[in-house]
file upload-v4.txt (compact mmCIF, N, CA and C atoms)
# COMPACT_ATOMS: atom_id res chain seq x y z
N MET A 1 0.85 -1.17 0.00
CA MET A 1 0.00 0.00 0.00
C MET A 1 0.89 1.23 0.00
N GLN A 2 0.65 2.15 -0.90
CA GLN A 2 1.46 3.35 -0.99
C GLN A 2 0.76 4.50 -0.30
N ILE A 3 1.57 5.34 0.29
CA ILE A 3 1.05 6.53 0.96
C ILE A 3 1.56 7.74 0.21
N ASP A 4 0.71 8.71 0.02
CA ASP A 4 1.09 9.93 -0.67
C ASP A 4 2.29 10.55 0.04
N SER A 5 3.45 10.59 -0.62
CA SER A 5 4.67 11.06 0.02
C SER A 5 4.58 12.53 0.40
N LYS A 6 3.83 13.31 -0.35
CA LYS A 6 3.69 14.73 -0.02
C LYS A 6 3.01 14.89 1.33
N ASN A 7 1.91 14.14 1.54
CA ASN A 7 1.21 14.22 2.80
C ASN A 7 1.98 13.54 3.91
N ALA A 8 2.64 12.42 3.62
CA ALA A 8 3.36 11.70 4.66
C ALA A 8 4.57 12.48 5.13
N ALA A 9 5.26 13.16 4.25
CA ALA A 9 6.45 13.91 4.64
C ALA A 9 6.08 15.17 5.39
N GLY A 10 4.87 15.64 5.20
CA GLY A 10 4.43 16.83 5.92
C GLY A 10 4.72 18.09 5.14
N GLN A 11 4.16 19.17 5.60
CA GLN A 11 4.36 20.47 4.98
C GLN A 11 5.56 21.14 5.66
N GLY A 12 6.12 22.15 5.02
CA GLY A 12 7.27 22.85 5.57
C GLY A 12 6.97 23.44 6.93
N GLY A 13 7.97 23.42 7.83
CA GLY A 13 7.82 24.02 9.14
C GLY A 13 7.19 23.10 10.17
N GLU A 14 6.90 21.88 9.82
CA GLU A 14 6.31 20.94 10.77
C GLU A 14 7.40 20.29 11.61
N SER A 15 7.08 20.03 12.85
CA SER A 15 8.03 19.31 13.68
C SER A 15 8.03 17.84 13.28
N ALA A 16 9.05 17.12 13.73
CA ALA A 16 9.14 15.69 13.41
C ALA A 16 7.95 14.94 14.00
N GLU A 17 7.51 15.34 15.16
CA GLU A 17 6.36 14.69 15.81
C GLU A 17 5.09 14.92 14.99
N ASP A 18 4.91 16.14 14.50
CA ASP A 18 3.73 16.44 13.67
C ASP A 18 3.75 15.65 12.37
N ALA A 19 4.94 15.53 11.76
CA ALA A 19 5.07 14.77 10.51
C ALA A 19 4.77 13.29 10.76
N ARG A 20 5.24 12.78 11.90
CA ARG A 20 4.97 11.38 12.25
C ARG A 20 3.47 11.16 12.48
N LEU A 21 2.85 12.10 13.17
CA LEU A 21 1.40 11.99 13.42
C LEU A 21 0.63 12.05 12.11
N ARG A 22 1.04 12.94 11.22
CA ARG A 22 0.38 13.05 9.91
C ARG A 22 0.53 11.75 9.12
N ALA A 23 1.74 11.18 9.13
CA ALA A 23 1.99 9.94 8.39
C ALA A 23 1.17 8.78 8.96
N ARG A 24 1.08 8.68 10.27
CA ARG A 24 0.30 7.61 10.90
C ARG A 24 -1.18 7.78 10.62
N ALA A 25 -1.66 9.01 10.69
CA ALA A 25 -3.07 9.28 10.40
C ALA A 25 -3.38 8.97 8.94
N THR A 26 -2.48 9.33 8.05
CA THR A 26 -2.67 9.07 6.62
C THR A 26 -2.71 7.57 6.36
N GLU A 27 -1.78 6.84 6.96
CA GLU A 27 -1.74 5.38 6.78
C GLU A 27 -3.03 4.73 7.29
N ALA A 28 -3.49 5.15 8.47
CA ALA A 28 -4.72 4.59 9.03
C ALA A 28 -5.93 4.92 8.16
N ALA A 29 -5.99 6.14 7.66
CA ALA A 29 -7.12 6.55 6.82
C ALA A 29 -7.14 5.77 5.51
N VAL A 30 -5.97 5.55 4.92
CA VAL A 30 -5.90 4.79 3.66
C VAL A 30 -6.28 3.34 3.91
N LYS A 31 -5.84 2.77 5.04
CA LYS A 31 -6.21 1.39 5.37
C LYS A 31 -7.71 1.27 5.59
N PHE A 32 -8.32 2.27 6.23
CA PHE A 32 -9.76 2.23 6.44
C PHE A 32 -10.49 2.31 5.10
N GLU A 33 -10.01 3.17 4.20
CA GLU A 33 -10.64 3.27 2.89
C GLU A 33 -10.54 1.93 2.15
N ALA A 34 -9.38 1.27 2.25
CA ALA A 34 -9.22 -0.04 1.61
C ALA A 34 -10.19 -1.05 2.20
N PHE A 35 -10.34 -1.04 3.52
CA PHE A 35 -11.28 -1.95 4.17
C PHE A 35 -12.71 -1.68 3.71
N PHE A 36 -13.07 -0.42 3.64
CA PHE A 36 -14.42 -0.03 3.21
C PHE A 36 -14.68 -0.50 1.78
N ILE A 37 -13.72 -0.26 0.89
CA ILE A 37 -13.89 -0.66 -0.51
C ILE A 37 -14.00 -2.18 -0.63
N LYS A 38 -13.16 -2.91 0.12
CA LYS A 38 -13.20 -4.37 0.06
C LYS A 38 -14.55 -4.89 0.56
N GLN A 39 -15.06 -4.33 1.64
CA GLN A 39 -16.37 -4.77 2.15
C GLN A 39 -17.48 -4.49 1.13
N MET A 40 -17.39 -3.35 0.47
CA MET A 40 -18.39 -3.00 -0.53
C MET A 40 -18.33 -3.99 -1.70
N MET A 41 -17.12 -4.32 -2.14
CA MET A 41 -16.96 -5.27 -3.24
C MET A 41 -17.43 -6.66 -2.82
N LYS A 42 -17.17 -7.03 -1.59
CA LYS A 42 -17.61 -8.33 -1.07
C LYS A 42 -19.14 -8.43 -1.11
N GLN A 43 -19.80 -7.37 -0.69
CA GLN A 43 -21.27 -7.36 -0.71
C GLN A 43 -21.81 -7.38 -2.14
N MET A 44 -21.14 -6.69 -3.03
CA MET A 44 -21.58 -6.70 -4.43
C MET A 44 -21.43 -8.10 -5.02
N ARG A 45 -20.32 -8.77 -4.71
CA ARG A 45 -20.12 -10.14 -5.21
C ARG A 45 -21.15 -11.09 -4.60
N ALA A 46 -21.46 -10.94 -3.33
CA ALA A 46 -22.45 -11.80 -2.68
C ALA A 46 -23.82 -11.62 -3.32
N SER A 47 -24.16 -10.38 -3.63
CA SER A 47 -25.44 -10.11 -4.29
C SER A 47 -25.48 -10.73 -5.68
N THR A 48 -24.39 -10.62 -6.41
CA THR A 48 -24.32 -11.19 -7.76
C THR A 48 -24.40 -12.71 -7.69
N ALA A 49 -23.70 -13.31 -6.72
CA ALA A 49 -23.71 -14.77 -6.57
C ALA A 49 -25.10 -15.27 -6.19
N ALA A 50 -25.81 -14.50 -5.37
CA ALA A 50 -27.15 -14.91 -4.96
C ALA A 50 -28.11 -14.94 -6.15
N LEU A 51 -27.88 -14.09 -7.13
CA LEU A 51 -28.75 -14.03 -8.30
C LEU A 51 -28.29 -14.96 -9.42
N ALA A 52 -27.09 -15.54 -9.29
CA ALA A 52 -26.53 -16.39 -10.35
C ALA A 52 -27.17 -17.78 -10.33
N ALA A 53 -27.10 -18.43 -11.48
CA ALA A 53 -27.61 -19.80 -11.60
C ALA A 53 -26.73 -20.76 -10.78
N GLU A 54 -27.27 -21.92 -10.46
CA GLU A 54 -26.55 -22.88 -9.63
C GLU A 54 -25.24 -23.35 -10.24
N ASP A 55 -25.17 -23.45 -11.55
CA ASP A 55 -23.94 -23.93 -12.20
C ASP A 55 -23.00 -22.79 -12.61
N SER A 56 -23.27 -21.61 -12.14
CA SER A 56 -22.46 -20.44 -12.47
C SER A 56 -21.09 -20.50 -11.79
N PRO A 57 -20.05 -20.01 -12.45
CA PRO A 57 -18.72 -19.93 -11.81
C PRO A 57 -18.73 -19.04 -10.57
N LEU A 58 -19.71 -18.16 -10.46
CA LEU A 58 -19.80 -17.28 -9.29
C LEU A 58 -20.14 -18.04 -8.02
N LYS A 59 -20.65 -19.25 -8.15
CA LYS A 59 -21.01 -20.06 -6.98
C LYS A 59 -19.94 -21.08 -6.62
N ASN A 60 -18.83 -21.11 -7.36
CA ASN A 60 -17.74 -22.04 -7.12
C ASN A 60 -16.89 -21.50 -5.97
N LYS A 61 -16.68 -22.32 -4.92
CA LYS A 61 -15.94 -21.88 -3.73
C LYS A 61 -14.50 -21.48 -4.06
N THR A 62 -13.85 -22.22 -4.95
CA THR A 62 -12.47 -21.88 -5.34
C THR A 62 -12.43 -20.51 -6.00
N ASN A 63 -13.35 -20.27 -6.91
CA ASN A 63 -13.41 -18.97 -7.56
C ASN A 63 -13.69 -17.87 -6.54
N GLU A 64 -14.55 -18.16 -5.58
CA GLU A 64 -14.90 -17.17 -4.56
C GLU A 64 -13.66 -16.76 -3.76
N ASP A 65 -12.84 -17.74 -3.38
CA ASP A 65 -11.63 -17.44 -2.61
C ASP A 65 -10.66 -16.60 -3.43
N MET A 66 -10.50 -16.94 -4.69
CA MET A 66 -9.59 -16.18 -5.55
C MET A 66 -10.13 -14.76 -5.79
N MET A 67 -11.42 -14.63 -5.94
CA MET A 67 -12.01 -13.30 -6.14
C MET A 67 -11.86 -12.44 -4.89
N ASP A 68 -11.95 -13.06 -3.70
CA ASP A 68 -11.72 -12.32 -2.46
C ASP A 68 -10.31 -11.76 -2.41
N LEU A 69 -9.34 -12.58 -2.81
CA LEU A 69 -7.95 -12.10 -2.85
C LEU A 69 -7.79 -10.97 -3.86
N ALA A 70 -8.37 -11.14 -5.03
CA ALA A 70 -8.28 -10.11 -6.07
C ALA A 70 -8.98 -8.83 -5.61
N ASP A 71 -10.13 -8.97 -4.98
CA ASP A 71 -10.85 -7.80 -4.48
C ASP A 71 -10.01 -7.04 -3.46
N GLY A 72 -9.30 -7.77 -2.60
CA GLY A 72 -8.43 -7.13 -1.61
C GLY A 72 -7.32 -6.32 -2.28
N LEU A 73 -6.73 -6.88 -3.32
CA LEU A 73 -5.67 -6.17 -4.03
C LEU A 73 -6.21 -4.94 -4.76
N VAL A 74 -7.38 -5.09 -5.37
CA VAL A 74 -8.00 -3.95 -6.06
C VAL A 74 -8.36 -2.87 -5.05
N ALA A 75 -8.90 -3.27 -3.90
CA ALA A 75 -9.28 -2.31 -2.86
C ALA A 75 -8.05 -1.56 -2.35
N ASP A 76 -6.95 -2.27 -2.12
CA ASP A 76 -5.72 -1.62 -1.67
C ASP A 76 -5.21 -0.62 -2.70
N SER A 77 -5.26 -1.02 -3.96
CA SER A 77 -4.79 -0.14 -5.03
C SER A 77 -5.67 1.11 -5.14
N MET A 78 -6.98 0.92 -5.08
CA MET A 78 -7.90 2.05 -5.17
C MET A 78 -7.73 2.99 -3.98
N ALA A 79 -7.56 2.43 -2.79
CA ALA A 79 -7.39 3.25 -1.60
C ALA A 79 -6.07 4.02 -1.68
N GLY A 80 -5.03 3.40 -2.22
CA GLY A 80 -3.76 4.08 -2.39
C GLY A 80 -3.86 5.27 -3.32
N GLN A 81 -4.79 5.21 -4.27
CA GLN A 81 -5.02 6.31 -5.21
C GLN A 81 -6.05 7.29 -4.67
N ARG A 82 -6.59 6.98 -3.50
CA ARG A 82 -7.66 7.79 -2.88
C ARG A 82 -8.85 7.93 -3.81
N ALA A 83 -9.22 6.81 -4.45
CA ALA A 83 -10.26 6.80 -5.47
C ALA A 83 -11.63 7.23 -4.95
N PHE A 84 -11.96 6.87 -3.73
CA PHE A 84 -13.27 7.19 -3.19
C PHE A 84 -13.25 8.47 -2.35
N GLY A 85 -12.07 8.90 -1.93
CA GLY A 85 -11.96 10.12 -1.14
C GLY A 85 -12.28 9.95 0.33
N ILE A 86 -12.49 8.73 0.77
CA ILE A 86 -12.83 8.49 2.18
C ILE A 86 -11.65 8.86 3.08
N ALA A 87 -10.44 8.47 2.69
CA ALA A 87 -9.26 8.78 3.49
C ALA A 87 -9.08 10.30 3.60
N ASP A 88 -9.30 11.01 2.50
CA ASP A 88 -9.14 12.46 2.52
C ASP A 88 -10.15 13.11 3.47
N LEU A 89 -11.38 12.62 3.44
CA LEU A 89 -12.40 13.17 4.34
C LEU A 89 -12.06 12.91 5.80
N MET A 90 -11.57 11.71 6.07
CA MET A 90 -11.18 11.38 7.45
C MET A 90 -10.02 12.27 7.91
N LEU A 91 -9.05 12.46 7.04
CA LEU A 91 -7.90 13.30 7.40
C LEU A 91 -8.32 14.75 7.61
N ARG A 92 -9.27 15.21 6.82
CA ARG A 92 -9.77 16.57 6.99
C ARG A 92 -10.42 16.75 8.36
N GLN A 93 -11.02 15.68 8.86
CA GLN A 93 -11.65 15.75 10.17
C GLN A 93 -10.65 15.60 11.31
N VAL A 94 -9.66 14.74 11.13
CA VAL A 94 -8.73 14.42 12.21
C VAL A 94 -7.60 15.43 12.32
N LEU A 95 -6.97 15.76 11.21
CA LEU A 95 -5.79 16.62 11.27
C LEU A 95 -6.08 18.07 11.63
N PRO A 96 -7.18 18.68 11.21
CA PRO A 96 -7.42 20.06 11.65
C PRO A 96 -7.54 20.15 13.16
N ALA A 97 -8.11 19.13 13.79
CA ALA A 97 -8.25 19.14 15.24
C ALA A 97 -6.89 19.18 15.92
N ALA A 98 -5.89 18.59 15.27
CA ALA A 98 -4.54 18.59 15.81
C ALA A 98 -3.75 19.79 15.29
N GLY A 99 -4.35 20.62 14.47
CA GLY A 99 -3.68 21.78 13.91
C GLY A 99 -2.63 21.42 12.87
N LEU A 100 -2.81 20.30 12.19
CA LEU A 100 -1.78 19.82 11.27
C LEU A 100 -2.18 19.88 9.81
N SER A 101 -3.36 20.37 9.51
CA SER A 101 -3.80 20.30 8.12
C SER A 101 -4.13 21.68 7.57
N PRO A 102 -3.59 22.00 6.40
CA PRO A 102 -3.99 23.25 5.75
C PRO A 102 -5.43 23.17 5.29
N ALA A 103 -6.00 21.96 5.25
CA ALA A 103 -7.39 21.79 4.84
C ALA A 103 -8.34 22.28 5.92
N ALA A 104 -7.82 22.68 7.07
CA ALA A 104 -8.68 23.16 8.15
C ALA A 104 -9.52 24.35 7.69
N LYS A 105 -8.95 25.15 6.78
CA LYS A 105 -9.68 26.30 6.26
C LYS A 105 -10.90 25.85 5.47
N ALA A 106 -10.86 24.66 4.88
CA ALA A 106 -11.95 24.18 4.04
C ALA A 106 -12.75 23.08 4.72
N SER A 107 -12.59 22.93 6.03
CA SER A 107 -13.34 21.88 6.72
C SER A 107 -14.82 22.22 6.71
N PRO A 108 -15.68 21.22 6.82
CA PRO A 108 -17.13 21.47 6.77
C PRO A 108 -17.59 22.48 7.81
N LEU A 109 -17.00 22.46 9.01
CA LEU A 109 -17.41 23.40 10.04
C LEU A 109 -17.04 24.83 9.66
N THR A 110 -15.86 25.02 9.11
CA THR A 110 -15.42 26.35 8.70
C THR A 110 -16.30 26.87 7.57
N LEU A 111 -16.60 26.01 6.59
CA LEU A 111 -17.45 26.43 5.48
C LEU A 111 -18.84 26.79 5.95
N GLN A 112 -19.35 26.02 6.90
CA GLN A 112 -20.69 26.27 7.41
C GLN A 112 -20.73 27.61 8.17
N GLU A 113 -19.69 27.90 8.94
CA GLU A 113 -19.64 29.13 9.71
C GLU A 113 -19.52 30.35 8.83
N SER A 114 -18.90 30.19 7.64
CA SER A 114 -18.66 31.34 6.77
C SER A 114 -19.87 31.71 5.91
N LYS A 115 -20.89 30.86 5.90
CA LYS A 115 -22.08 31.15 5.09
C LYS A 115 -22.92 32.21 5.78
N PRO A 116 -23.52 33.10 5.00
CA PRO A 116 -24.41 34.09 5.59
C PRO A 116 -25.64 33.41 6.18
N GLU A 117 -26.19 34.05 7.18
CA GLU A 117 -27.35 33.50 7.86
C GLU A 117 -28.52 33.35 6.88
N GLY A 118 -29.18 32.20 6.91
CA GLY A 118 -30.31 31.94 6.04
C GLY A 118 -29.93 31.38 4.68
N ALA A 119 -28.63 31.19 4.42
CA ALA A 119 -28.18 30.66 3.12
C ALA A 119 -28.44 29.17 3.07
N GLN A 120 -28.73 28.68 1.89
CA GLN A 120 -28.96 27.25 1.68
C GLN A 120 -27.63 26.51 1.73
N PRO A 121 -27.59 25.25 2.26
CA PRO A 121 -26.33 24.50 2.29
C PRO A 121 -25.88 24.05 0.93
call {"tool": "encode", "arguments": {"input": "upload-v4.txt", "output": "structure tokens"}}
result
Amino acid sequence: MQIDSKNAAGQGGESAEDARLRARATEAAVKFEAFFIKQMMKQMRASTAALAAEDSPLKNKTNEDMMDLADGLVADSMAGQRAFGIADLMLRQVLPAAGLSPAAKASPLTLQESKPEGAQP
């Protein structure tokens, strides 16, 4: 699993502790995104298998095991590319609280506070 080196190395002026915290948070967020994607793919395969005919390759246990492995690799790859954006959203929530993210300016709370009263979301 690859981690975005720009985010993992940190922004200029960060202490070593802040960079380490950012790297650990990024790794955890990417792993969570991979887990989420894999679970989603697992459910999609289960739904497809439930609708498949009895003699379908989708109901073969050997194929199922191999597809689980393949789904895990695809999920890891997609999470490494931040394909769904789940890791980015998590980091936006976690790192601003620690004062480590320039995205704090664009966090949902900041955007909500900057809207004029009575404005639509």
call {"tool": "residues_around", "arguments": {"input": "upload-v4.txt", "residues": "Met90 of chain A", "least_positions_apart": "5", "cutoff": "6.5 Å", "atoms": "only N, CA and C atoms", "output": "list in words"}}
result
Ala29, Gly85 and Leu95 of chain A
call {"tool": "residues_around", "arguments": {"input": "upload-v4.txt", "residues": "segment 30-40 of chain A", "least_positions_apart": "4", "cutoff": "6.5 Å", "atoms": "all atoms listed in the file", "output": "list in words"}}
result
Ala25, Thr26, Met44, Arg45, Asp71, Gly72, Ala75, Asp76, Ala79, Gly80, Ile86 and Ala87 of chain A
call {"tool": "atom_distance", "arguments": {"input": "upload-v4.txt", "atom1": "atom CA of Asp68 of chain A", "atom2": "atom CA of Met41 of chain A"}}
result
8.8 Å
call {"tool": "atom_distance", "arguments": {"input": "upload-v4.txt", "atom1": "atom CA of Leu69 of chain A", "atom2": "atom CA of Arg24 of chain A"}}
result
25.4 Å
call {"tool": "atom_distance", "arguments": {"input": "upload-v4.txt", "atom1": "atom CA of Met67 of chain A", "atom2": "atom CA of Lys42 of chain A"}}
result
9.0 Å
